[in-house]
>>> print(open('my_file20.cif').read())   # mmCIF, C-alpha atoms and all ligand atoms
data_query
loop_
_atom_site.label_atom_id
_atom_site.label_comp_id
_atom_site.auth_asym_id
_atom_site.auth_seq_id
_atom_site.Cartn_x
_atom_site.Cartn_y
_atom_site.Cartn_z
CA MET A 258 78.42 89.17 -30.26
CA THR A 259 76.01 86.25 -30.06
CA PRO A 260 77.80 83.02 -29.11
CA GLY A 261 78.27 80.85 -32.19
CA LEU A 262 78.63 83.78 -34.58
CA PRO A 263 81.97 85.04 -35.95
CA MET A 264 83.78 88.05 -34.53
CA PRO A 265 83.78 90.85 -37.13
CA VAL A 266 87.35 91.59 -38.21
CA PRO A 267 87.43 93.74 -41.37
CA ALA A 268 90.00 93.11 -44.09
CA PRO A 269 91.30 95.87 -46.35
CA GLY A 270 89.93 96.54 -49.82
CA LEU A 271 86.48 95.03 -49.38
CA PRO A 272 83.04 96.64 -49.78
CA ALA A 273 81.11 97.83 -46.71
CA ARG A 274 77.89 96.16 -47.86
CA VAL A 275 76.99 93.24 -50.13
CA ARG A 276 73.60 92.64 -51.72
CA ILE A 277 72.72 88.98 -51.60
CA HIS A 278 70.57 87.76 -54.48
CA GLU A 279 68.84 84.74 -52.94
CA VAL A 280 68.17 81.97 -55.48
CA GLY A 281 67.11 79.05 -53.28
CA ALA A 282 63.44 79.11 -54.23
CA ARG A 283 64.32 79.07 -57.94
CA ASP A 284 67.78 77.58 -58.55
CA GLY A 285 67.43 75.37 -55.49
CA LEU A 286 63.96 73.98 -55.95
CA GLN A 287 64.18 73.63 -59.75
CA ASN A 288 66.61 70.79 -59.18
CA GLU A 289 64.68 68.79 -56.59
CA GLN A 290 63.42 65.35 -57.55
CA THR A 291 60.22 65.95 -55.64
CA VAL A 292 57.86 68.74 -56.60
CA ILE A 293 57.38 70.94 -53.56
CA PRO A 294 53.78 72.09 -52.94
CA THR A 295 53.12 75.73 -53.80
CA GLU A 296 52.16 76.62 -50.20
CA ILE A 297 55.53 75.34 -48.93
CA LYS A 298 57.36 77.34 -51.59
CA ALA A 299 55.41 80.47 -50.63
CA GLU A 300 56.24 79.89 -46.96
CA PHE A 301 59.90 79.40 -47.91
CA VAL A 302 59.96 82.74 -49.77
CA ARG A 303 58.28 84.45 -46.80
CA ARG A 304 60.77 82.98 -44.32
CA LEU A 305 63.70 84.03 -46.51
CA ALA A 306 62.32 87.57 -46.63
CA ALA A 307 61.72 87.54 -42.87
CA ALA A 308 65.37 86.58 -42.39
CA GLY A 309 66.32 89.89 -44.02
CA LEU A 310 66.94 88.87 -47.63
CA ASP A 311 65.66 91.73 -49.77
CA THR A 312 66.06 89.98 -53.15
CA VAL A 313 64.39 86.59 -53.31
CA GLU A 314 64.29 85.06 -56.79
CA ALA A 315 60.95 83.32 -56.69
CA THR A 316 60.46 81.10 -59.73
CA SER A 317 60.78 80.76 -63.52
CA PHE A 318 58.27 81.24 -66.33
CA VAL A 319 59.81 78.52 -68.47
CA HIS A 320 58.17 75.66 -70.30
CA PRO A 321 56.53 73.48 -67.61
CA LYS A 322 57.74 70.32 -69.37
CA TRP A 323 61.34 71.54 -69.18
CA VAL A 324 61.20 72.38 -65.48
CA PRO A 325 58.13 70.71 -63.94
CA GLN A 326 59.30 71.68 -60.43
CA LEU A 327 58.43 75.33 -61.22
CA ALA A 328 55.26 74.71 -63.22
CA ASP A 329 53.21 76.41 -60.48
CA ALA A 330 54.64 79.90 -61.13
CA GLU A 331 51.13 81.28 -61.80
CA ARG A 332 50.02 80.16 -58.34
CA LEU A 333 53.21 81.04 -56.46
CA ILE A 334 53.58 84.67 -57.48
CA PRO A 335 50.12 85.79 -56.25
CA ALA A 336 50.86 84.00 -52.97
CA VAL A 337 53.98 86.13 -52.29
CA ARG A 338 53.26 89.32 -54.25
CA ASP A 339 52.39 91.30 -51.11
CA LEU A 340 56.05 91.10 -50.02
CA ALA A 341 56.95 93.56 -52.82
CA PRO A 342 58.18 96.26 -53.11
CA GLU A 343 60.14 95.91 -49.86
CA VAL A 344 61.32 92.54 -51.12
CA ARG A 345 62.39 92.24 -54.74
CA LEU A 346 60.94 89.13 -56.36
CA PRO A 347 62.77 88.55 -59.65
CA VAL A 348 61.65 85.73 -61.95
CA LEU A 349 63.38 83.97 -64.85
CA VAL A 350 61.90 84.27 -68.35
CA PRO A 351 63.54 82.74 -71.42
CA ASN A 352 61.29 84.16 -74.14
CA GLU A 353 58.32 86.37 -74.94
CA ARG A 354 55.85 83.71 -73.86
CA GLY A 355 57.52 83.66 -70.45
CA LEU A 356 57.59 87.46 -70.33
CA ASP A 357 53.86 87.67 -71.07
CA ARG A 358 53.15 85.24 -68.24
CA ALA A 359 55.37 87.20 -65.83
CA LEU A 360 54.05 90.66 -66.76
CA THR A 361 50.43 89.50 -66.42
CA LEU A 362 51.24 88.76 -62.78
CA GLY A 363 52.87 92.15 -62.23
CA ALA A 364 56.53 91.09 -62.31
CA ASP A 365 58.81 94.12 -62.19
CA ARG A 366 62.16 92.30 -62.15
CA ILE A 367 62.92 89.64 -64.71
CA ALA A 368 66.00 87.69 -65.70
CA VAL A 369 66.95 86.20 -69.04
CA PHE A 370 69.51 83.42 -68.94
CA GLY A 371 72.10 82.92 -71.66
CA SER A 372 75.06 80.62 -72.04
CA ALA A 373 78.69 81.26 -72.88
CA THR A 374 78.88 77.84 -74.53
CA GLU A 375 77.03 76.24 -77.43
CA SER A 376 76.53 72.90 -75.65
CA PHE A 377 74.71 74.39 -72.70
CA ALA A 378 72.71 76.82 -74.85
CA LYS A 379 71.39 73.79 -76.71
CA ALA A 380 70.76 71.72 -73.59
CA ASN A 381 69.12 74.49 -71.60
CA LEU A 382 67.32 76.57 -74.23
CA ASN A 383 67.22 74.41 -77.35
CA ARG A 384 69.05 77.21 -79.18
CA THR A 385 72.56 78.17 -80.28
CA VAL A 386 74.19 80.97 -78.27
CA ASP A 387 73.23 83.54 -80.90
CA GLU A 388 69.71 82.14 -81.38
CA ALA A 389 69.24 82.46 -77.63
CA LEU A 390 70.45 86.07 -77.77
CA ALA A 391 67.96 86.71 -80.58
CA MET A 392 65.23 85.17 -78.43
CA PHE A 393 66.14 87.50 -75.54
CA ALA A 394 66.29 90.74 -77.57
CA PRO A 395 62.51 91.39 -77.68
CA VAL A 396 62.16 90.12 -74.10
CA VAL A 397 64.67 92.66 -72.78
CA ALA A 398 63.25 95.48 -74.94
CA ARG A 399 59.64 94.83 -73.90
CA ALA A 400 60.54 94.35 -70.24
CA LYS A 401 62.38 97.68 -70.23
CA GLU A 402 59.40 99.38 -71.93
CA ALA A 403 57.20 97.96 -69.16
CA GLY A 404 59.54 99.54 -66.58
CA ALA A 405 61.00 96.25 -65.36
CA HIS A 406 64.55 95.71 -64.16
CA VAL A 407 66.36 93.13 -66.28
CA ARG A 408 69.11 90.82 -65.07
CA GLY A 409 71.11 88.82 -67.59
CA TYR A 410 72.42 85.51 -66.32
CA LEU A 411 75.31 83.98 -68.16
CA SER A 412 76.00 80.29 -67.51
CA MET A 413 79.24 78.33 -68.04
CA CYS A 414 81.47 81.38 -67.60
CA PHE A 415 84.42 79.25 -66.46
CA GLY A 416 83.97 75.66 -67.53
CA ASP A 417 81.42 73.53 -69.34
CA PRO A 418 80.79 69.81 -68.74
CA TRP A 419 80.83 69.06 -72.47
CA GLU A 420 83.39 71.60 -73.75
CA GLY A 421 85.85 71.92 -70.84
CA PRO A 422 87.47 75.25 -69.88
CA VAL A 423 85.72 78.25 -71.46
CA PRO A 424 87.97 80.92 -73.01
CA VAL A 425 87.55 84.32 -71.34
CA PRO A 426 86.98 86.23 -74.64
CA GLN A 427 84.07 83.91 -75.46
CA VAL A 428 82.42 84.88 -72.16
CA VAL A 429 83.15 88.57 -72.63
CA ARG A 430 81.45 88.54 -76.06
CA VAL A 431 78.14 87.23 -74.70
CA CYS A 432 78.29 89.54 -71.66
CA ARG A 433 78.69 92.51 -73.98
CA ALA A 434 75.79 91.32 -76.14
CA LEU A 435 73.48 91.03 -73.10
CA LEU A 436 74.43 94.50 -71.88
CA ASP A 437 74.04 95.96 -75.37
CA GLN A 438 70.51 94.54 -75.44
CA GLY A 439 69.74 96.62 -72.34
CA CYS A 440 70.26 94.29 -69.38
CA ASP A 441 70.70 96.34 -66.20
CA GLU A 442 72.99 93.84 -64.54
CA LEU A 443 74.75 90.57 -65.28
CA SER A 444 75.22 87.50 -63.13
CA LEU A 445 78.32 85.51 -64.02
CA GLY A 446 77.52 81.85 -63.50
CA ASP A 447 79.96 79.12 -62.59
CA THR A 448 77.27 76.55 -63.29
CA ILE A 449 79.39 73.48 -62.55
CA GLY A 450 81.57 75.03 -59.85
CA VAL A 451 84.97 74.66 -61.55
CA ALA A 452 86.19 78.26 -61.20
CA THR A 453 89.15 79.15 -59.02
CA PRO A 454 89.99 82.64 -57.70
CA GLY A 455 92.58 83.61 -60.32
CA HIS A 456 90.15 82.72 -63.09
CA VAL A 457 87.47 84.89 -61.45
CA THR A 458 89.83 87.86 -61.30
CA ALA A 459 90.94 87.29 -64.90
CA LEU A 460 87.34 87.30 -66.17
CA LEU A 461 86.38 90.41 -64.17
CA THR A 462 89.50 92.21 -65.41
CA ALA A 463 88.78 91.24 -69.03
CA LEU A 464 85.22 92.50 -68.67
CA ASN A 465 86.47 95.83 -67.33
CA GLU A 466 88.88 96.05 -70.26
CA ALA A 467 85.91 95.47 -72.59
CA GLY A 468 84.18 98.51 -71.05
CA VAL A 469 81.97 96.65 -68.56
CA ALA A 470 81.85 98.42 -65.19
CA THR A 471 82.21 96.22 -62.12
CA ASP A 472 79.05 97.68 -60.57
CA VAL A 473 76.81 95.93 -63.13
CA LEU A 474 78.38 92.56 -62.35
CA GLY A 475 77.18 89.95 -59.90
CA VAL A 476 78.63 86.50 -59.31
CA HIS A 477 76.83 83.16 -59.11
CA PHE A 478 78.99 80.36 -57.80
CA HIS A 479 78.19 76.70 -57.38
CA ASP A 480 80.19 74.88 -54.72
CA THR A 481 80.89 71.58 -56.50
CA TYR A 482 84.62 71.64 -55.70
CA GLY A 483 84.44 73.72 -52.50
CA GLN A 484 85.68 76.87 -54.26
CA ALA A 485 82.60 79.08 -54.03
CA LEU A 486 83.67 81.16 -51.01
CA ALA A 487 87.24 81.59 -52.24
CA ASN A 488 85.85 82.72 -55.60
CA THR A 489 83.45 85.09 -53.86
CA LEU A 490 86.31 86.66 -51.92
CA ALA A 491 88.24 87.19 -55.17
CA ALA A 492 85.17 88.89 -56.66
CA LEU A 493 84.72 91.12 -53.58
CA GLN A 494 88.39 92.11 -53.74
CA HIS A 495 87.73 93.15 -57.34
CA GLY A 496 84.85 95.38 -56.20
CA VAL A 497 81.83 93.17 -56.90
CA THR A 498 78.99 93.84 -54.42
CA THR A 499 76.22 91.53 -55.69
CA VAL A 500 76.54 87.87 -54.79
CA ASP A 501 74.03 85.12 -55.59
CA ALA A 502 73.53 82.41 -53.02
CA SER A 503 71.02 79.73 -52.14
CA ALA A 504 69.66 79.13 -48.65
CA GLY A 505 70.99 75.89 -47.25
CA GLY A 506 73.07 75.33 -50.41
CA LEU A 507 70.09 73.99 -52.34
CA GLY A 508 70.47 73.80 -56.04
CA GLY A 509 72.04 72.80 -59.27
CA CYS A 510 70.77 72.91 -62.79
CA PRO A 511 68.59 70.25 -64.37
CA TYR A 512 70.27 70.76 -67.75
CA ALA A 513 73.93 70.67 -66.68
CA LYS A 514 75.26 67.33 -65.57
CA SER A 515 77.58 67.78 -62.56
CA ALA A 516 76.00 71.05 -61.44
CA THR A 517 75.54 70.60 -57.70
CA GLY A 518 74.51 72.96 -54.95
CA ASN A 519 74.90 76.70 -55.09
CA LEU A 520 77.03 78.61 -52.62
CA ALA A 521 74.98 78.37 -49.42
CA THR A 522 73.66 81.73 -48.25
CA GLU A 523 74.52 80.87 -44.64
CA ASP A 524 78.16 80.10 -45.55
CA LEU A 525 78.32 83.42 -47.40
CA VAL A 526 76.74 85.39 -44.55
CA TRP A 527 79.11 83.77 -42.05
CA MET A 528 82.13 84.94 -44.04
CA LEU A 529 80.71 88.42 -44.71
CA ARG A 530 79.77 88.85 -41.08
CA GLY A 531 83.27 87.85 -40.04
CA LEU A 532 84.65 90.45 -42.44
CA GLY A 533 82.35 93.10 -40.94
CA ILE A 534 80.42 93.43 -44.23
CA GLU A 535 76.73 94.37 -43.93
CA THR A 536 74.10 92.14 -45.54
CA GLY A 537 70.98 92.83 -43.49
CA VAL A 538 70.54 89.09 -42.98
CA ASP A 539 69.70 87.49 -39.63
CA LEU A 540 71.91 84.39 -39.82
CA GLU A 541 70.12 82.43 -37.10
CA ARG A 542 66.72 83.05 -38.63
CA LEU A 543 68.03 82.09 -42.05
CA THR A 544 69.57 78.90 -40.66
CA ALA A 545 66.23 78.05 -39.06
CA THR A 546 64.59 78.49 -42.46
CA SER A 547 67.05 76.11 -44.12
CA VAL A 548 66.60 73.54 -41.37
CA TRP A 549 62.82 73.83 -41.86
CA MET A 550 63.21 73.41 -45.63
CA ALA A 551 65.60 70.46 -45.24
CA GLU A 552 62.95 68.72 -43.16
CA ARG A 553 60.43 69.24 -45.96
CA LEU A 554 62.92 67.87 -48.50
CA GLY A 555 63.74 64.93 -46.28
CA ARG A 556 67.51 65.40 -46.22
CA PRO A 557 69.98 67.57 -44.31
CA SER A 558 71.31 70.81 -45.73
CA PRO A 559 74.77 70.47 -47.32
CA SER A 560 75.75 73.88 -45.87
CA ARG A 561 78.56 73.63 -43.31
CA THR A 562 77.24 76.71 -41.52
CA VAL A 563 73.69 75.35 -41.32
CA ARG A 564 75.02 72.11 -39.87
CA ALA A 565 77.34 73.79 -37.37
CA LEU A 566 74.84 76.43 -36.26
CA SER A 567 71.95 74.04 -35.94
CA ALA A 568 74.17 71.83 -33.77
CA SER A 569 75.46 74.71 -31.62
CA LEU A 570 72.27 76.75 -31.38
CA GLY A 571 69.89 73.93 -30.67
CA SER A 572 67.61 71.41 -32.26
CA PRO A 573 65.83 72.12 -35.54
CA ASP A 574 62.67 72.79 -33.53
CA SER A 575 64.23 75.44 -31.35
CA LEU A 576 65.88 77.06 -34.36
CA ASP A 577 62.57 77.03 -36.16
CA SER A 578 60.78 78.63 -33.24
CA HIS A 579 63.49 81.32 -33.20
CA LYS A 580 61.62 82.78 -36.18
CA GLU A 581 58.39 83.46 -34.32
P1 LIG A 601 61.45 74.89 -77.12
O1 LIG A 601 61.03 73.48 -77.02
O2 LIG A 601 62.47 75.26 -78.17
O3 LIG A 601 60.18 75.83 -77.22
O4 LIG A 601 62.03 75.28 -75.69
P2 LIG A 601 59.51 76.53 -78.47
O5 LIG A 601 59.91 77.97 -78.48
O6 LIG A 601 59.76 75.70 -79.69
O7 LIG A 601 57.97 76.39 -78.08
C1 LIG A 601 57.39 75.09 -77.97
C2 LIG A 601 56.10 75.18 -77.16
O8 LIG A 601 56.42 75.58 -75.83
C3 LIG A 601 55.10 76.19 -77.69
O9 LIG A 601 53.80 75.64 -77.44
C4 LIG A 601 55.30 77.38 -76.77
O10 LIG A 601 54.13 78.19 -76.60
C5 LIG A 601 55.63 76.71 -75.46
P3 LIG A 601 52.93 75.09 -78.65
O11 LIG A 601 52.79 76.28 -79.56
O12 LIG A 601 53.75 74.00 -79.25
O13 LIG A 601 51.70 74.65 -77.96
N1 LIG A 601 56.44 77.59 -74.63
C6 LIG A 601 56.16 77.96 -73.38
N2 LIG A 601 55.16 77.65 -72.54
C7 LIG A 601 55.17 78.24 -71.33
N3 LIG A 601 56.12 79.12 -70.93
C8 LIG A 601 57.14 79.44 -71.73
C9 LIG A 601 57.18 78.84 -73.01
N4 LIG A 601 58.04 78.95 -74.03
C10 LIG A 601 57.59 78.19 -75.03
N5 LIG A 601 58.06 80.31 -71.35
C11 LIG A 601 62.40 76.98 -74.04
C12 LIG A 601 62.58 76.57 -75.49
C13 LIG A 601 63.24 78.20 -73.81
C14 LIG A 601 60.92 77.27 -73.80
C15 LIG A 601 62.84 75.80 -73.12
O14 LIG A 601 64.12 75.42 -73.52
C16 LIG A 601 62.85 76.12 -71.68
O15 LIG A 601 61.80 76.37 -71.07
N6 LIG A 601 64.06 76.11 -71.03
C17 LIG A 601 64.19 76.44 -69.63
C18 LIG A 601 65.32 75.66 -69.00
C19 LIG A 601 65.55 76.14 -67.58
O16 LIG A 601 64.69 76.73 -66.95
N7 LIG A 601 66.76 75.86 -67.03
C20 LIG A 601 67.13 76.26 -65.71
C21 LIG A 601 67.38 77.75 -65.57
S1 LIG A 601 69.01 78.25 -66.07
C22 LIG A 601 70.02 77.95 -64.68
O17 LIG A 601 69.59 77.32 -63.76
C23 LIG A 601 71.40 78.54 -64.64
C24 LIG A 601 71.51 79.75 -63.68
O18 LIG A 601 71.18 79.37 -62.36
C25 LIG A 601 72.92 80.31 -63.73
C26 LIG A 601 74.03 79.26 -63.60
O19 LIG A 601 74.11 78.56 -62.57
O20 LIG A 601 74.78 79.15 -64.55
C27 LIG A 601 70.55 80.85 -64.09
MG MG A 602 72.67 78.38 -60.95
#
>>> encode(input="my_file20.cif", output="structure tokens")
Amino acid sequence: MTPGLPMPVPAPGLPARVRIHEVGARDGLQNEQTVIPTEIKAEFVRRLAAAGLDTVEATSFVHPKWVPQLADAERLIPAVRDLAPEVRLPVLVPNERGLDRALTLGADRIAVFGSATESFAKANLNRTVDEALAMFAPVVARAKEAGAHVRGYLSMCFGDPWEGPVPVPQVVRVCRALLDQGCDELSLGDTIGVATPGHVTALLTALNEAGVATDVLGVHFHDTYGQALANTLAALQHGVTTVDASAGGLGGCPYAKSATGNLATEDLVWMLRGLGIETGVDLERLTATSVWMAERLGRPSPSRTVRALSASLGSPDSLDSHKE
């Protein structure tokens, strides 16, 4: 065991391996005040892949006025395309215009992103929940025809900043609709980080009772109230094996007030490593990447693990050089 890394001690009833869906380059950078240059984004994606992350969500093909931070999608994808197919490079598309843009660049994994609540559907997509579903239907159908894998994100699965707690049946209905459209997997989003473990288990159980198998479900926690790891553990205990996380804890959502950083990938890997669960991720290399990115953003990473490891393993420079 490398000093400064946890001792693996397995706990009963947990999966042997977890697939981490890395969202830092998309969910993280979409929320930055400053627009990061395309070359830095491409380098970030490459460093994430080099740290062993095999699913690196790269960007979004949304309206550039809605998310100016990701307006360079047409330049970013060609700059990282060579990483595929070893590294999966999913991209977000809200509508057929976005799908056309993504398919032109050879995207083979796309994600639509719905909302369990009307308020967020309006704020994020300028649609009602059902209008958004209608917008996704041809996107999912055409993406499947083109042989692409389709992820369906669902935001506000636990609480909504305008509407408060979100009833479980309301979430289950939209999940079912996304799966019925042909989505291959779902990602259950706690966009504003208000979920707690019992609520996670209740939603997963209700989804199972509605005929949704656990193996098509991933979880996407934000760490606003420090609950993201506890919620992740509840999901793992339920049998979930896909967990979204963001390197260095970057992130939020520009259209949800009070959405702060995502679960940090390093914090997740620390826990999984301690539980003896395989992820394929080199934690030191990943930490070095987040330290490097934090320097470019001009502020320290909010991840506890990044802070602790960068203090115990050396200066940002020595961590950075660990990559080479
Ligand atoms: P709208 O204003 O209703 O758009 O926005 P529209 O359909 O009326 O079209 C208006 C114009 O935009 C048209 O141009 C379209 O061609 C153009 P015109 O004919 O007037 O010249 N247009 C586009 N241009 C480029 N790419 C496109 C595109 N679509 C339309 N894809 C729209 C509707 C969906 C476009 C807008 O609301 C939008 O882009 N929203 C994206 C918001 C977003 O990206 N939010 C963050 C991602 S979600 C998230 O972070 C949550 C998640 O992490 C999970 C969680 O934490 O919960 C996933
Ligand atoms: Mg998110």
>>> closest_residue(input="my_file20.cif", among="A:Gly506, A:Gly261, A:Gly518, A:Pro454", to="ligand LIG 601 (chain A)", atoms="all atoms listed in the file")
A:Gly518
>>> residues_near_ligand(input="my_file20.cif", ligand="ligand LIG 601 (chain A)", cutoff="7 Å", atoms="only C-alpha atoms and all ligand atoms", output="MDAnalysis selection string")
chainID A and resid 284 317:321 323:324 350:352 354:355 370 381:384 410:413 446:448 477 479 509:512
>>> closest_residue(input="my_file20.cif", among="A:Ala398, A:Val538, A:Ala545, A:Val425", to="Arg274 in chain A", atoms="all atoms listed in the file")
A:Val538
>>> residues_around(input="my_file20.cif", residues="Ala403 in chain A", least_positions_apart="6", cutoff="10 Å", atoms="only C-alpha atoms", output="PDB file with C-alpha atoms, in the frame of the given file")
ATOM      1  CA  LEU A 360      54.050  90.660 -66.760  1.00  0.00           C
ATOM      2  CA  ALA A 364      56.530  91.090 -62.310  1.00  0.00           C
ATOM      3  CA  ASP A 365      58.810  94.120 -62.190  1.00  0.00           C
ATOM      4  CA  VAL A 397      64.670  92.660 -72.780  1.00  0.00           C
TER       5      VAL A 397
END
>>> atom_distance(input="my_file20.cif", atom1="CA of Gln290 in chain A", atom2="CA of Gly508 in chain A")
11.1 Å
>>> residues_around(input="my_file20.cif", residues="Phe301 in chain A", least_positions_apart="5", cutoff="10 Å", atoms="all atoms listed in the file", output="list of chain:residue names")
A:Gly281, A:Ala282, A:Thr295, A:Glu296, A:Ala306, A:Ala307, A:Ala315, A:Val337, A:Ala504, A:Thr546, A:Ser547, A:Trp549, A:Met550
>>> closest_residue(input="my_file20.cif", among="A:Val275, A:Ile293, A:Val476, A:Leu566", to="ligand MG 602 (chain A)", atoms="all atoms listed in the file")
A:Val476
>>> closest_residue(input="my_file20.cif", among="A:Leu474, A:Ala434, A:Ala521, A:Leu540", to="ligand MG 602 (chain A)", atoms="all atoms listed in the file")
A:Ala521
>>> atom_distance(input="my_file20.cif", atom1="CA of Arg408 in chain A", atom2="CA of Asp357 in chain A")
16.7 Å
>>> atom_distance(input="my_file20.cif", atom1="CA of Pro265 in chain A", atom2="CA of Thr489 in chain A")
17.7 Å
>>> closest_residue(input="my_file20.cif", among="A:Gly421, A:Gly371, A:Pro272, A:Gly468", to="ligand MG 602 (chain A)", atoms="only C-alpha atoms and all ligand atoms")
A:Gly371
